[in-house]
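Participant: Handing you this structure, nothing more for now.
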Amino acid sequence: MRFLLDTEQRAFAESLDAMLRAADTPSVVRAWGRGEHGAGRALWSRLARAGVFALAAPEAYEGMGPLPVELAVAFVELGRHAVPGPLVETVTAAVLLAGLDEPGPAERLLPALVSGEAVATVAPAGSYALDGDAATTRLSLSHTELRLSSGHGPVRPSLDPARRLTPLLPGGELLAPHPPLPRALTWARLAVAAQALGVGLALLDRTVAYVRQRTQFGVAIGSFQAVKHRLADAKVALEFARPLVFGAAVTLDPADVAAAKLTACEAAYTTARTALQLHGAIAYTAEYDLSLWLTKARALRTAWGGPTECRGVVLSGGGRRW
């Protein structure tokens with residue numbers, strides 16, 4: 001089965017790509033990692049105006065969704081350009097709020113998320129939240145309740161410097177008992193899968209460009225058979241992941257989404273390892289832009305369910321796991 005984007009979806013991807021190319025995202029990522037959120041919030045507002053955060057919110061709350069395929073299209077581009085911030089978490093918050101039995105919390109909080117005025121993070125109760133210091137809406141989540149946390153603790157280091165981890169303060173306003181956790185988790189994993197696919201594509205493009213320029217023995221290393229085989233393996237893995245991601249966006253079946261996340265994240269991780277090896281020592285340096293995608297590929301691999309957990313969901317046929 002072929003999953004091809006229609007004309008409007010391709011145009012949407014191209015418009016996001018053009019906007020993010022002009023935004024100098026590497027400098028935005030580095031500033032975000034230092035805790036300087038000004039440039040990142042400005043980019044966040046532009047993404048909101050492009051409709052990215054409206055894709056998971058229904059029209060009743062000023063959204064355009066739910067549009068999971070378009071969301072996947074957007075997150076591929078966000079990953080391709082390594083956009084920082086709690087992107088997946090804001091989408092997950094929108095899905096959680098829109099799915100509550102009582103509309104009050106959604107009416108109060110969702111329009112600001114859709115417009116980009118607010119940034120959300122979501123974390124299981126007692127664990128670390130992504131970018132809690134930058135978020136204005138902090139949700140603490142469990143199977144039995146959804147709470148609006150009143151603040152966050154100190155920032156903790158992360159494998160990806162642009163993914164800043166903070167504990168959420170306990171307590172806070174109870175928004176709802178028994179939130180729609182399975183549905184929110186499915187959307188979160190879909191967004192991570194698409195983001196990882198974009199990260200892998202960016203790593204492959206940058207590595208192909210590099211091996212065409214770097215020379216050994218008077219020739220470009222890209223002409224070596226061993227290098228070609230490594231890049232071909234990465235290309236095949238990413239192209240195999242692409243239809244799984246968009247197929248999962250069509251079905252929104254938890255097992256399909258878990259399979260897409262597993263495949264896309266493993267493909268991105270494999271491509272990251274290939275990029276690291278073919279670049280050599282320069283890839284280890286934080287000053288080299290490639291590192292921004294390398295660390296993100298590793299971090300996304302375990303975000304919202306690691307490989308073992310996603311395999312379990314696939315084998316169980318989409319059973320409720322978290």
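Chain identifiers are assigned as A, B, and so on, following the order in which chains appear in the structure tokens; residues are numbered from 1 within each chain, and ligands are numbered from 1 in order of appearance.
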If we count only C-alpha atoms, what is near His279 (chain A) at a cut-off of 9 Å, once residues fewer than 5 positions away on the same chain are taken out, given as a PDB file with all heavy atoms, in the first residue's frame?
Facilitator:
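Result written to around.pdb:
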```pdb
ATOM      1  N   THR A 207      24.774  13.908   6.163  1.00  0.00           N
ATOM      2  CA  THR A 207      25.885  12.966   6.019  1.00  0.00           C
ATOM      3  C   THR A 207      26.217  12.725   4.557  1.00  0.00           C
ATOM      4  O   THR A 207      27.393  12.653   4.180  1.00  0.00           O
ATOM      5  CB  THR A 207      25.543  11.644   6.726  1.00  0.00           C
ATOM      6  OG1 THR A 207      25.197  11.909   8.086  1.00  0.00           O
ATOM      7  CG2 THR A 207      26.737  10.698   6.694  1.00  0.00           C
ATOM      8  N   TYR A 210      28.190  15.575   3.426  1.00  0.00           N
ATOM      9  CA  TYR A 210      29.545  15.581   3.998  1.00  0.00           C
ATOM     10  C   TYR A 210      30.458  14.602   3.277  1.00  0.00           C
ATOM     11  O   TYR A 210      31.614  14.937   2.958  1.00  0.00           O
ATOM     12  CB  TYR A 210      29.463  15.240   5.481  1.00  0.00           C
ATOM     13  CG  TYR A 210      30.800  15.208   6.180  1.00  0.00           C
ATOM     14  CD1 TYR A 210      31.461  16.395   6.520  1.00  0.00           C
ATOM     15  CD2 TYR A 210      31.417  14.008   6.486  1.00  0.00           C
ATOM     16  CE1 TYR A 210      32.687  16.375   7.149  1.00  0.00           C
ATOM     17  CE2 TYR A 210      32.654  13.975   7.121  1.00  0.00           C
ATOM     18  CZ  TYR A 210      33.283  15.158   7.452  1.00  0.00           C
ATOM     19  OH  TYR A 210      34.500  15.131   8.080  1.00  0.00           O
ATOM     20  N   VAL A 211      29.984  13.377   3.005  1.00  0.00           N
ATOM     21  CA  VAL A 211      30.864  12.381   2.386  1.00  0.00           C
ATOM     22  C   VAL A 211      31.175  12.729   0.938  1.00  0.00           C
ATOM     23  O   VAL A 211      32.129  12.192   0.362  1.00  0.00           O
ATOM     24  CB  VAL A 211      30.269  10.962   2.486  1.00  0.00           C
ATOM     25  CG1 VAL A 211      30.078  10.560   3.940  1.00  0.00           C
ATOM     26  CG2 VAL A 211      28.967  10.832   1.696  1.00  0.00           C
ATOM     27  N   ARG A 214      34.284  15.375   1.866  1.00  0.00           N
ATOM     28  CA  ARG A 214      35.476  14.898   2.569  1.00  0.00           C
ATOM     29  C   ARG A 214      36.238  13.922   1.681  1.00  0.00           C
ATOM     30  O   ARG A 214      35.655  13.015   1.078  1.00  0.00           O
ATOM     31  CB  ARG A 214      35.084  14.204   3.871  1.00  0.00           C
ATOM     32  CG  ARG A 214      36.285  13.720   4.663  1.00  0.00           C
ATOM     33  CD  ARG A 214      35.858  12.992   5.915  1.00  0.00           C
ATOM     34  NE  ARG A 214      36.996  12.359   6.551  1.00  0.00           N
ATOM     35  CZ  ARG A 214      36.892  11.512   7.573  1.00  0.00           C
ATOM     36  NH1 ARG A 214      35.702  11.209   8.067  1.00  0.00           N
ATOM     37  NH2 ARG A 214      37.969  10.967   8.085  1.00  0.00           N
ATOM     38  N   THR A 274      25.356   5.957  12.054  1.00  0.00           N
ATOM     39  CA  THR A 274      26.062   6.019  10.777  1.00  0.00           C
ATOM     40  C   THR A 274      26.643   7.415  10.552  1.00  0.00           C
ATOM     41  O   THR A 274      27.803   7.563  10.139  1.00  0.00           O
ATOM     42  CB  THR A 274      25.096   5.658   9.637  1.00  0.00           C
ATOM     43  OG1 THR A 274      24.664   4.307   9.792  1.00  0.00           O
ATOM     44  CG2 THR A 274      25.771   5.825   8.277  1.00  0.00           C
ATOM     45  N   TYR A 284      31.494  14.666  17.280  1.00  0.00           N
ATOM     46  CA  TYR A 284      31.380  14.664  18.739  1.00  0.00           C
ATOM     47  C   TYR A 284      31.314  16.071  19.318  1.00  0.00           C
ATOM     48  O   TYR A 284      30.958  16.240  20.479  1.00  0.00           O
ATOM     49  CB  TYR A 284      32.575  13.934  19.361  1.00  0.00           C
ATOM     50  CG  TYR A 284      32.552  12.447  19.208  1.00  0.00           C
ATOM     51  CD1 TYR A 284      33.224  11.828  18.162  1.00  0.00           C
ATOM     52  CD2 TYR A 284      31.854  11.645  20.107  1.00  0.00           C
ATOM     53  CE1 TYR A 284      33.211  10.447  18.026  1.00  0.00           C
ATOM     54  CE2 TYR A 284      31.837  10.264  19.976  1.00  0.00           C
ATOM     55  CZ  TYR A 284      32.524   9.671  18.931  1.00  0.00           C
ATOM     56  OH  TYR A 284      32.498   8.308  18.792  1.00  0.00           O
TER      57      TYR A 284
END
```
Participant: May I have all residues of region 40-134 of chain A that DSSP, computed from the backbone, assigns to helix (DSSP H, G or I), given as a PyMOL selection string?
Facilitator: chain A and resi 40-49+52-54+59-61+68-80+87-98+104-115
Participant: Give the answer as one residue: which of A:Ala135, A:Leu252, A:Met19, A:Leu203 has the shortest atom-to-atom distance to Ala297 (chain A), using only C-alpha atoms?
Facilitator: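 Result for the nearest residue to Ala297 (chain A): A:Leu203.
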Participant: For region 231-237 of chain A, please output as a count of residues only all residues within 12 Å (counting only C-alpha atoms; exclusion window: fewer than 5 positions along the same chain).
Facilitator: 40
Participant: May I have all residues of region 53-221 of chain A that DSSP, computed from the backbone, assigns to strand (DSSP E), given as a list in words?
Facilitator: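 Output for region 53-221 of chain A, strand (DSSP E) only: Ala120, Thr121, Val122, Ala123, Pro124, Tyr128, Ala129, Leu130, Thr137, Arg138, Leu139, Ser140, Leu141, Glu145, Leu146, Arg147, Leu148, Leu165, Thr166, Pro167, Glu173, Leu174, Leu175, Ala176, Pro177, Thr215, Gln216, Val219 and Ala220 of chain A.
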Participant: Residues of region 25-117 of chain A that have any atom at most 12 Å from an atom of region 140-153 of chain A: could you tabulate them with the shortest-distance atom pair and the distance in Å to one decimal, using only C-alpha atoms, ordered by chain and increasing number, as a Markdown table?
Facilitator:
```
| residue | atom | partner | partner_atom | distance |
| --- | --- | --- | --- | --- |
| A:Glu89 | CA | A:Ser140 | CA | 11.4 |
| A:Thr92 | CA | A:Leu141 | CA | 10.9 |
| A:Ala93 | CA | A:Leu141 | CA | 9.9 |
| A:Leu96 | CA | A:Leu146 | CA | 8.7 |
| A:Leu97 | CA | A:Leu146 | CA | 9.3 |
| A:Gly99 | CA | A:Leu146 | CA | 11.7 |
| A:Leu100 | CA | A:Leu146 | CA | 9.7 |
| A:Pro105 | CA | A:Leu148 | CA | 9.7 |
| A:Leu109 | CA | A:Leu148 | CA | 10.4 |
```
Participant: From the set A:Phe75, A:Phe240, A:Tyr128, A:Tyr288, which residue has the shortest atom-to-atom contact distance to Ala196 (chain A), counting only C-alpha atoms?
Facilitator: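 Closest candidate: A:Phe75.
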Participant: Ala255 (chain A): which residues within 12 Å, counting only C-alpha atoms, same-chain residues fewer than 3 positions away excluded, as number ranges by chain?
Facilitator: A: 182, 185-186, 189-190, 244-245, 247-249, 251-252, 258-262, 309-321
Participant: Using only C-alpha atoms, can you tell me which of A:Val257, A:Ala23, A:Leu169, A:Leu290 comes closest to Val192 (chain A)?
Facilitator: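 Among the listed residues, the smallest separation from Val192 (chain A) belongs to A:Val257.
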Participant: Hey, which of A:Val114, A:Leu159, A:Ser45, A:Gly38 ends up closest to Leu292 (chain A)? Count only C-alpha atoms.
Facilitator: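 With only C-alpha atoms as the atom set, the closest residue is A:Leu159.
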Participant: Rounded to one decimal in Å, what is the spacing between CA of Ala303 (chain A) and CA of Arg156 (chain A)?
Facilitator: 16.1 Å
Participant: Set the distance at 10 Å and use only C-alpha atoms: which residues neighbour Pro58 (chain A) once local chain neighbours fewer than 2 positions away are removed? I'd like the list as a VMD selection string.
Facilitator: chain A and resid 54 to 56 60 to 67 94 to 95 98 to 99 110 114
Participant: Write out as a ChimeraX atom specification each polymer residue whose atoms come within 8 Å of Val83 (chain A), counting only C-alpha atoms; drop sequence neighbours fewer than 6 positions from it.
Facilitator: /A:25,28-29
Participant: With only C-alpha atoms as the basis for distance, which of A:Gly306, A:Ile282, A:Pro111, A:Thr90 is at the shortest distance from Arg138 (chain A)?
Facilitator: A:Thr90
Participant: Could you tell me how far CA of Arg34 (chain A) sits from CA of Asp133 (chain A), in Å to one decimal place?
Facilitator: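 Spanning CA of Asp133 (chain A) to CA of Arg34 (chain A) is a straight-line distance of 11.7 Å.
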